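I have placed the structure first, in the form of structure tokens, so that the comments after it can refer back to it.
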Amino acid sequence: MRMSGADIVLESLKRVGIDTVFGYPGGVVLPLYDRWPAHPEVRHILVRHEQGGGHAADGYARAAGRLGCALATSGPGATNLVTAVQNAMMDSVPTLFVTGNVARNLIGRDGFQEADATGITTPCVKHNYLVMHAENLAHTFAEAAYLATTGRPGPVHIDIPKDVFIDEAEFVWPEEVSVRGYHLPGAADEADIARAAALIDTAERPLIIAGHGVILGEAWEELRQFAEHTGIPVLNTLLGLGSIPRTHVLSYGMMGMHGSYEANMAASNADLVIGIGNRMDDRAIGRFNDFNHHAKLIHVDIDAGEHGKNLPTEVPILGNVKDVLPQLRDATRRNSHVDWIRWIDDVREKHAHSMAIPSGPQMTSQGVIKRISERCDDETVIVTGVGQHQMWAAQHMRFTYPHQLITSGGLGTMGFEVPAAMGAQVAKPDALVWSICGDGGFQMTLQELATMVDEHLPVKMAIINNGYLGMVRQWQELFYEDNYVSVAISQPDFVKLGEAYGIKALRVTDADKIDGAIEEANDHDGPVLVDFQVEAEGNVWPMVPAGSALSETVEAPRPETPSEVAR
Amino acid sequence: MSGELRKHTVVALVEDRPGVLNRVASLFRRRGFNIDSLAVGTTEEPGISRMTIVVASENGIVDQVQKQLAKLIDVIEVADLTGEDAVIRELALVKVACTTEQRREVLDLVDIFRARAVDVAPGSLIIQIVAEERQFNSLLENLEPYGILELTRTGRIAMLRGDRTTAAPDPESEEMQRFRHSSGRRPAGELPYVSD
């Protein structure tokens with residue numbers, strides 16, 4: 001059937017399973033918007049800023065476990081998307097970013113609102129396309145969706161000049177897609193599996209690091225079975241949280257810069273480390289050169305480029321974690337590591353104070369975050385921004401299922417929390433979605449409150465308001481001798497602000513009122529903003545100072561009185 | 001990941017489409033890999049270009065170079081020909097200052113190195129040499145005293161000796177060839193004027 005480029009784009013979106021587009025119109029995408037009413041199956045959500053649209057697509061993709069999509073116009077629309085594109089790249093989130101560009105005859109002539117969009121996104125995407133022919137549109141979308149969702153997922157960007165939306169072409173949907181420069185790894189090499197199994201069977205202090213790949217690869221069940229079969233304790237990277245229930249006896253929570261003391265000590269004292277779907281990031285591993293020299297490393301990943309990128313690796317295993325984990329399970333013997341686990345438990349008990357929530361009448365960030373977690377049901381999605389509140393959420397919330405925590409890990413994008421929560425709520429309309437916001441990050445993307453109101457998205461937002469860019473302040477305190485520069489951040493009256501947008505807004509200044517406010521928010525049928533005014537200068541402990549090894553984890557100063565311990 | 005710097009000859013077969021060179025160059029810049037030379041040209045297979053990239057790096061790094069290159073969707077095959085039995089060549093043009101009195105001795109040098117004089121002027125000569133790097137450097141050293149006015153090099157290209165090849169994939173369907181060829185390429189001829 002012959003149709004316009006605009007119709008082909010919308011038809012193609014349906015074919016790749018996209019039911020929602022977070023978009024913002026503009027001059028060059030007018031022909032596309034003109035045809036939108038003819039395609040009501042694709043919901044268009046009008047965001048208030050393209051970055052918000054991009055993060056919403058990201059949050060949607062992570063919550064739903066499928067492809068998310070954002071759309072922007074040329075020039076500033078495209079450049080505003082870039083932060084979200086790189087965010088999705090760093091965290092391997094399957095996303096499709098579509099931009100319009102100036103008409104073909106204006107490309108390269110500095111037309112109005114022209115930007116070299118594909119040139120700009122090239123280093124931030126898995127792949128991108130500038131579509132110069134309407135007859136290429138359908139194939140491009142099919143290929144883009146295939147690339148974004150298979151192998152190691154990631155963002156794909158399609159840039160479409162205005163007149164390509166207008167041109168007509170035959171709509172031909174490709175039956176199958178194969179890309180000759182793109183190969184999905186097959187079954188893992190048997191020799192690698194055998195070498196890994198030999199190491200696993202003989203290790204005395206083995207440890208699993210489970211990353212985002214376990215969640216992206218939907219291999220949480222396989223992870224649990226492998227861990228239980230071999231009796232190996234499991235640590236998580238930030239993005240791996242939820243890949244094993246935090247309540248599982250073998251789960252020891254997050255490692256890394258703000259990981260638990262016992263997790264970092266376990267990683268530093270293990271004789272075998274098995275990385276599964278993680279990328280040996282500096283925030284998780286600490287100073288590369290001084291990461292546990294006694295440990296041999298097995299690294300399972302679908303991306304060969306991750307093997308040996310940051311750490312020398314004894315046995316790299318290339319493959320899909322969902323396939324490799326059962327292979328490893330079958331190749332290893334049933335085992336338990338009682339002494340090793342007792343050693344970790346012992347460290348945990350002796351160092352319980354290191355992650356304790358300070359006692360006393362003051363309102364602490366940790367206290368608020370923990371109480372939100374306690375009032376979550378089994379479906380609750382937690383979205384965070386970046387900084388102290390993010391680390392406290394990672395430390396103190398009980399993540400029990402995959403896709404439960406949605407956070408900006410690799411890029412560390414402040415302002416992610418509001419639009420990503422919005423996207424998560426669109427993906428899971430019936431779930432309770434809590435956005436844990438920083439008072440700094442919230443002010444970066446708060447314009448999406450209007451979108452939530454328009455679209456009836458009942459996101460609950462907790463602003464952990466300490467009046468500071470808290471993590472930066474913590475670093476200035478610890479590493480720059482209390483020299484606070486540009487970290488005290490003023491703010492509007494958040495309650496009035498929420499009300500101005502027409503949403504319910506609460507302020508909590510008293511620790512006794514925390515639970516009531518959370519319950520009131522949970523019970524309200526619509527978005528809620530809660531301004532939790534917490535103590536100003538709390539620090540996140542434990543901490544691996546930047547550039548230090550995991551073994552150099554620094555603990556909180558020991559409290560004078562026993563306090564509420566967060567476990 | 002340690003070891004001394006060594007020149008690696010990496011061959012990449014890539015899609016012949018706009019933006020490929022940018023993707024490869026962007027990758028090298030972004031990951032901090034140094035390109036010594038890069039030569040690109042068409043191959044026996046329409047739609048496939050061959051890049052020969054010389055990377056000065058430690059052994060561990062060149063492994064990353066190859067893996068990262070292979071991740072690019074437009075890169076079809078990657079091979080490291082370093083240490084392989086391969087023909088490695090580079091072409092250079094050297095303009096050397098040379099009076100008519102000096103010409104004979106310069107031409108003798110040119111003969112010794114199996115190079116050729118391809119342009120003669122009263123005060124200079126252009127010498128063309130096709131050689132491996134060592135031979136080429138040696139010629140330059142000998143020409144230095146006369147004064148080198150200009151130098152241009154193509155960068156290294158390489159090919160395995162014998163029957164082995166750096167495999168190109170099977171040809172694609174006509175439909176795919178058409179898609180790949182036109183992807184990202186401006187249509188020929190006058191385009192309608194569409195303003196915003």
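Chain labels follow the order of the structure tokens: the first chain is A, the next B, and so on; residue numbering restarts at 1 in every chain, and ligands are counted from 1 in their shown order.
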Tell me as a ChimeraX atom specification which residues belonging to chain B come within 7 Å of chain A, counting only C-alpha atoms. /B:23,26,64,67-68,73-76,179,183-186,191,193-194,196
Could you list, as a ChimeraX atom specification, every residue within 9 Å of Ile45 of chain A, counting only C-alpha atoms and ignoring same-chain residues fewer than 6 positions away? /A:20-24,53,451,454-455
Pull N, CA and C atoms from the residues just selected and write them as a PDB file, in the first residue's frame.
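Written output follows (part_16.pdb):
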ATOM      1  N   THR A  20       3.123   3.799  23.011  1.00  0.00           N
ATOM      2  CA  THR A  20       3.186   5.138  23.595  1.00  0.00           C
ATOM      3  C   THR A  20       4.439   5.859  23.101  1.00  0.00           C
ATOM      4  N   VAL A  21       4.263   7.107  22.688  1.00  0.00           N
ATOM      5  CA  VAL A  21       5.402   7.932  22.311  1.00  0.00           C
ATOM      6  C   VAL A  21       5.385   9.182  23.185  1.00  0.00           C
ATOM      7  N   PHE A  22       6.529   9.449  23.816  1.00  0.00           N
ATOM      8  CA  PHE A  22       6.663  10.673  24.587  1.00  0.00           C
ATOM      9  C   PHE A  22       7.255  11.717  23.652  1.00  0.00           C
ATOM     10  N   GLY A  23       6.435  12.677  23.243  1.00  0.00           N
ATOM     11  CA  GLY A  23       6.894  13.550  22.176  1.00  0.00           C
ATOM     12  C   GLY A  23       6.669  15.024  22.418  1.00  0.00           C
ATOM     13  N   TYR A  24       7.301  15.798  21.550  1.00  0.00           N
ATOM     14  CA  TYR A  24       7.169  17.249  21.580  1.00  0.00           C
ATOM     15  C   TYR A  24       7.214  17.726  20.140  1.00  0.00           C
ATOM     16  N   GLY A  53      10.885  13.834  27.940  1.00  0.00           N
ATOM     17  CA  GLY A  53      10.340  12.804  27.053  1.00  0.00           C
ATOM     18  C   GLY A  53      11.291  11.630  26.929  1.00  0.00           C
ATOM     19  N   THR A 451       2.564  17.339  32.724  1.00  0.00           N
ATOM     20  CA  THR A 451       2.254  16.155  31.915  1.00  0.00           C
ATOM     21  C   THR A 451       1.508  15.117  32.752  1.00  0.00           C
ATOM     22  N   ASP A 454      -2.062  16.214  33.046  1.00  0.00           N
ATOM     23  CA  ASP A 454      -2.758  15.993  31.766  1.00  0.00           C
ATOM     24  C   ASP A 454      -3.127  14.530  31.574  1.00  0.00           C
ATOM     25  N   GLU A 455      -2.179  13.663  31.884  1.00  0.00           N
ATOM     26  CA  GLU A 455      -2.329  12.250  31.541  1.00  0.00           C
ATOM     27  C   GLU A 455      -2.835  11.407  32.706  1.00  0.00           C
TER      28      GLU A 455
END
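Neighbouring residues of segment 114-116 of chain B at 12 Å or closer, counting only C-alpha atoms and skipping chain neighbours under 6 positions away, are Leu91, Ala92, Leu93, Val94, Lys95, Val106, Leu107, Asp108, Leu125, Ile126, Ile127, Gln128, Ile129, Val130, Ala131, Glu132, Gln135, Phe136, Ser138, Leu139 and Leu140 of chain B.
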Only C-alpha atoms, please: the residues just picked out, written as an mmCIF file, in the first residue's frame.
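Now in again19.cif:
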data_model
loop_
_atom_site.group_PDB
_atom_site.id
_atom_site.type_symbol
_atom_site.label_atom_id
_atom_site.label_comp_id
_atom_site.auth_asym_id
_atom_site.auth_seq_id
_atom_site.Cartn_x
_atom_site.Cartn_y
_atom_site.Cartn_z
ATOM 1 C CA LEU B 91 52.620 4.564 -1.089
ATOM 2 C CA ALA B 92 54.281 7.917 -0.585
ATOM 3 C CA LEU B 93 55.131 10.892 -2.766
ATOM 4 C CA VAL B 94 58.205 12.864 -1.761
ATOM 5 C CA LYS B 95 59.130 16.187 -3.293
ATOM 6 C CA VAL B 106 69.305 11.375 -6.263
ATOM 7 C CA LEU B 107 68.102 9.169 -9.096
ATOM 8 C CA ASP B 108 70.691 6.573 -8.091
ATOM 9 C CA LEU B 125 61.935 15.909 -8.085
ATOM 10 C CA ILE B 126 58.817 14.039 -7.045
ATOM 11 C CA ILE B 127 59.657 10.510 -6.001
ATOM 12 C CA GLN B 128 57.055 7.798 -5.675
ATOM 13 C CA ILE B 129 57.781 4.880 -3.399
ATOM 14 C CA VAL B 130 55.705 1.827 -2.621
ATOM 15 C CA ALA B 131 57.236 0.064 0.315
ATOM 16 C CA GLU B 132 57.074 -1.179 3.846
ATOM 17 C CA GLN B 135 62.463 0.800 3.633
ATOM 18 C CA PHE B 136 60.484 3.974 3.297
ATOM 19 C CA SER B 138 65.484 4.632 5.100
ATOM 20 C CA LEU B 139 64.855 6.396 1.800
ATOM 21 C CA LEU B 140 63.654 9.489 3.634
#
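The two atoms in question, atom CA of Ala142 of chain A and atom CA of Pro18 of chain B, are spaced 20.0 Å apart.
Summary of the local environment: counting only C-alpha atoms, residues at most 7 Å from Val10 of chain B, other than itself and those fewer than 4 positions away along its chain, are Thr52, Ile53, Val54, Ala79, Asp80 and Leu81 of chain B.
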I need the chosen residues saved as a PDB file, in the first residue's frame, with N, CA and C atoms.
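File written: result-v5.pdb
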ATOM      1  N   THR B  52      42.064  -0.033   6.514  1.00  0.00           N
ATOM      2  CA  THR B  52      43.264  -0.560   7.155  1.00  0.00           C
ATOM      3  C   THR B  52      43.715   0.495   8.152  1.00  0.00           C
ATOM      4  N   ILE B  53      43.698   0.121   9.404  1.00  0.00           N
ATOM      5  CA  ILE B  53      43.978   1.084  10.460  1.00  0.00           C
ATOM      6  C   ILE B  53      45.239   0.646  11.185  1.00  0.00           C
ATOM      7  N   VAL B  54      46.195   1.547  11.288  1.00  0.00           N
ATOM      8  CA  VAL B  54      47.395   1.230  12.054  1.00  0.00           C
ATOM      9  C   VAL B  54      47.265   1.902  13.419  1.00  0.00           C
ATOM     10  N   ALA B  79      39.792  -7.795  11.637  1.00  0.00           N
ATOM     11  CA  ALA B  79      40.897  -8.747  11.769  1.00  0.00           C
ATOM     12  C   ALA B  79      42.172  -7.995  12.117  1.00  0.00           C
ATOM     13  N   ASP B  80      42.988  -8.623  12.947  1.00  0.00           N
ATOM     14  CA  ASP B  80      44.290  -8.044  13.278  1.00  0.00           C
ATOM     15  C   ASP B  80      45.333  -8.798  12.454  1.00  0.00           C
ATOM     16  N   LEU B  81      45.967  -8.112  11.509  1.00  0.00           N
ATOM     17  CA  LEU B  81      46.945  -8.781  10.647  1.00  0.00           C
ATOM     18  C   LEU B  81      48.364  -8.703  11.203  1.00  0.00           C
TER      19      LEU B  81
END
Using only C-alpha atoms, determine which residues lie at most 10 Å from Arg161 of chain B, disregarding the query and same-chain residues fewer than 5 positions distant; provide the list as a PyMOL selection string. chain B and resi 84-88
Would you list, as JSON, numbers by chain, the residues of segment 303-491 of chain A that end up in helix (DSSP H, G or I) under DSSP run on this structure's backbone? {"A": [304, 305, 306, 321, 322, 323, 324, 325, 326, 327, 328, 329, 330, 331, 338, 339, 340, 341, 342, 343, 344, 345, 346, 347, 348, 349, 350, 352, 353, 354, 355, 365, 366, 367, 368, 369, 370, 371, 372, 373, 374, 388, 389, 390, 391, 392, 393, 394, 395, 396, 417, 418, 419, 420, 421, 422, 423, 424, 425, 426, 427, 439, 440, 441, 442, 443, 444, 445, 448, 449, 450, 451, 452, 453, 454, 470, 471, 472, 473, 474, 475, 476, 477, 478, 479]}
Quick one: pull the distance between atom CA of Arg329 of chain A and atom CA of Ala295 of chain A, Å, one decimal. 20.5 Å
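Atom pair atom CA of Ala556 of chain A / atom CA of Phe442 of chain A: separated by 27.5 Å.
Residues in contact with Asp512 of chain A at 12 Å, where only C-alpha atoms are counted and same-chain residues fewer than 3 positions away are skipped, are listed as Gly360, Pro361, Gln362, Met363, Thr364, Gly367, Val368, Arg371, Val508, Thr509, Asp515, Gly516, Ala517, Ile518 and Phe532 of chain A.
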For the residues in that selection, give me C-alpha atoms as an mmCIF file, in the first residue's frame.
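And here is the file that came out, out_10.cif:
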data_model
loop_
_atom_site.group_PDB
_atom_site.id
_atom_site.type_symbol
_atom_site.label_atom_id
_atom_site.label_comp_id
_atom_site.auth_asym_id
_atom_site.auth_seq_id
_atom_site.Cartn_x
_atom_site.Cartn_y
_atom_site.Cartn_z
ATOM 1 C CA GLY A 360 17.233 10.796 67.545
ATOM 2 C CA PRO A 361 14.251 13.001 66.891
ATOM 3 C CA GLN A 362 15.582 14.599 63.714
ATOM 4 C CA MET A 363 14.178 13.738 60.301
ATOM 5 C CA THR A 364 16.789 11.827 58.366
ATOM 6 C CA GLY A 367 14.489 7.303 57.735
ATOM 7 C CA VAL A 368 12.069 8.744 55.185
ATOM 8 C CA ARG A 371 9.624 4.127 55.683
ATOM 9 C CA VAL A 508 6.585 17.087 56.429
ATOM 10 C CA THR A 509 8.941 18.670 58.951
ATOM 11 C CA ASP A 515 4.214 7.620 58.025
ATOM 12 C CA GLY A 516 0.987 9.570 57.846
ATOM 13 C CA ALA A 517 2.146 11.540 54.825
ATOM 14 C CA ILE A 518 3.259 8.398 53.007
ATOM 15 C CA PHE A 532 10.210 15.986 53.276
#
Enumerate as a ChimeraX atom specification all residues of segment 45-267 of chain A assigned to strand (DSSP E) by DSSP on the backbone, naming them with the chain letters and numbers the document uses. /A:45-46,68-72,95-101,127-130,155-161,168-170,206-210,234-236,251-254
Limited to N, CA and C atoms, could you put the picked residues into a file as a CSV table (one decimal), in the first residue's frame?
chain,number,residue,atom,x,y,z
A,45,ILE,N,2.0,11.2,24.2
A,45,ILE,CA,2.0,12.0,25.4
A,45,ILE,C,2.9,13.2,25.2
A,46,LEU,N,2.2,14.4,25.4
A,46,LEU,CA,2.9,15.6,25.2
A,46,LEU,C,3.6,16.0,26.4
A,68,GLY,N,11.0,1.5,24.6
A,68,GLY,CA,10.4,2.8,24.9
A,68,GLY,C,10.7,3.7,23.7
A,69,CYS,N,9.9,4.8,23.6
A,69,CYS,CA,10.1,5.7,22.4
A,69,CYS,C,9.8,7.1,22.8
A,70,ALA,N,10.7,8.0,22.3
A,70,ALA,CA,10.6,9.4,22.5
A,70,ALA,C,10.8,10.1,21.1
A,71,LEU,N,10.1,11.2,20.9
A,71,LEU,CA,10.1,11.9,19.7
A,71,LEU,C,10.4,13.4,19.9
A,72,ALA,N,11.2,14.0,19.0
A,72,ALA,CA,11.5,15.4,19.1
A,72,ALA,C,11.6,16.0,17.8
A,95,THR,N,15.7,1.6,23.8
A,95,THR,CA,14.9,2.8,23.5
A,95,THR,C,15.0,3.2,22.0
A,96,LEU,N,14.0,3.9,21.5
A,96,LEU,CA,14.0,4.4,20.2
A,96,LEU,C,13.8,5.9,20.2
A,97,PHE,N,14.7,6.6,19.7
A,97,PHE,CA,14.6,8.1,19.7
A,97,PHE,C,14.4,8.5,18.2
A,98,VAL,N,13.3,9.2,18.0
A,98,VAL,CA,13.0,9.7,16.7
A,98,VAL,C,13.1,11.2,16.7
A,99,THR,N,13.8,11.7,15.7
A,99,THR,CA,13.8,13.2,15.5
A,99,THR,C,13.5,13.6,14.1
A,100,GLY,N,12.9,14.7,13.9
A,100,GLY,CA,12.7,15.3,12.6
A,100,GLY,C,14.0,16.1,12.3
A,101,ASN,N,14.2,16.3,11.0
A,101,ASN,CA,15.3,17.2,10.6
A,101,ASN,C,14.8,18.1,9.5
A,127,HIS,N,23.1,2.5,17.6
A,127,HIS,CA,23.2,2.8,16.2
A,127,HIS,C,22.3,3.9,15.8
A,128,ASN,N,22.5,4.6,14.7
A,128,ASN,CA,21.6,5.6,14.3
A,128,ASN,C,21.4,5.7,12.8
A,129,TYR,N,20.4,6.4,12.4
A,129,TYR,CA,20.1,6.4,10.9
A,129,TYR,C,19.6,7.8,10.6
A,130,LEU,N,20.0,8.3,9.4
A,130,LEU,CA,19.4,9.5,8.8
A,130,LEU,C,18.7,8.9,7.6
A,155,PRO,N,20.0,2.4,23.1
A,155,PRO,CA,19.2,3.4,22.3
A,155,PRO,C,19.6,3.4,20.8
A,156,VAL,N,18.6,3.5,20.0
A,156,VAL,CA,18.8,3.7,18.6
A,156,VAL,C,18.1,5.0,18.2
A,157,HIS,N,18.7,5.8,17.3
A,157,HIS,CA,18.2,7.1,17.0
A,157,HIS,C,17.9,7.1,15.5
A,158,ILE,N,16.7,7.5,15.1
A,158,ILE,CA,16.3,7.7,13.7
A,158,ILE,C,16.0,9.2,13.4
A,159,ASP,N,16.7,9.7,12.5
A,159,ASP,CA,16.5,11.2,12.1
A,159,ASP,C,15.9,11.2,10.8
A,160,ILE,N,14.8,12.0,10.7
A,160,ILE,CA,14.0,12.0,9.4
A,160,ILE,C,13.7,13.4,8.9
A,161,PRO,N,14.3,13.8,7.8
A,161,PRO,CA,14.0,15.1,7.2
A,161,PRO,C,12.5,15.3,7.0
A,168,GLU,N,5.8,10.0,-0.6
A,168,GLU,CA,5.0,8.7,-0.5
A,168,GLU,C,5.9,7.6,-1.0
A,169,ALA,N,5.6,6.4,-0.4
A,169,ALA,CA,6.3,5.2,-0.8
A,169,ALA,C,5.4,4.0,-0.5
A,170,GLU,N,5.7,2.9,-1.1
A,170,GLU,CA,5.0,1.7,-0.8
A,170,GLU,C,5.3,1.2,0.6
A,206,PRO,N,34.0,-18.0,46.9
A,206,PRO,CA,33.5,-17.5,45.6
A,206,PRO,C,32.4,-16.4,45.9
A,207,LEU,N,32.2,-15.6,44.9
A,207,LEU,CA,31.3,-14.5,45.1
A,207,LEU,C,30.7,-14.1,43.7
A,208,ILE,N,29.4,-13.9,43.7
A,208,ILE,CA,28.7,-13.4,42.4
A,208,ILE,C,28.5,-11.9,42.5
A,209,ILE,N,28.8,-11.3,41.4
A,209,ILE,CA,28.4,-9.9,41.2
A,209,ILE,C,27.3,-9.9,40.1
A,210,ALA,N,26.1,-9.6,40.5
A,210,ALA,CA,25.0,-9.6,39.5
A,210,ALA,C,24.6,-8.2,39.1
A,234,VAL,N,25.6,-13.5,46.7
A,234,VAL,CA,25.4,-12.6,45.6
A,234,VAL,C,25.5,-11.2,46.0
A,235,LEU,N,26.3,-10.4,45.4
A,235,LEU,CA,26.3,-9.0,45.5
A,235,LEU,C,25.7,-8.4,44.3
A,236,ASN,N,25.2,-7.2,44.4
A,236,ASN,CA,24.6,-6.5,43.3
A,236,ASN,C,25.3,-5.2,43.0
A,251,SER,N,21.6,-13.1,49.4
A,251,SER,CA,21.7,-11.8,48.9
A,251,SER,C,22.4,-10.9,49.9
A,252,TYR,N,23.5,-10.2,49.4
A,252,TYR,CA,24.2,-9.4,50.3
A,252,TYR,C,24.2,-7.9,49.9
A,253,GLY,N,23.3,-7.6,49.0
A,253,GLY,CA,23.1,-6.2,48.7
A,253,GLY,C,24.1,-5.6,47.8
A,254,MET,N,24.2,-4.3,47.8
A,254,MET,CA,25.0,-3.5,46.9
A,254,MET,C,26.5,-3.4,47.3
Do you know which residues are at most 8 Å from Cys98 of chain B counting only C-alpha atoms, after dropping those on the same chain fewer than 6 positions away, and could you put them as a VMD selection string? chain B and resid 106 122 to 125 146 to 147
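If only C-alpha atoms are the atoms counted, then among A:Asp116, A:Asp339, A:Glu349, A:Asp58 the closest residue to Pro233 of chain A is A:Asp339.
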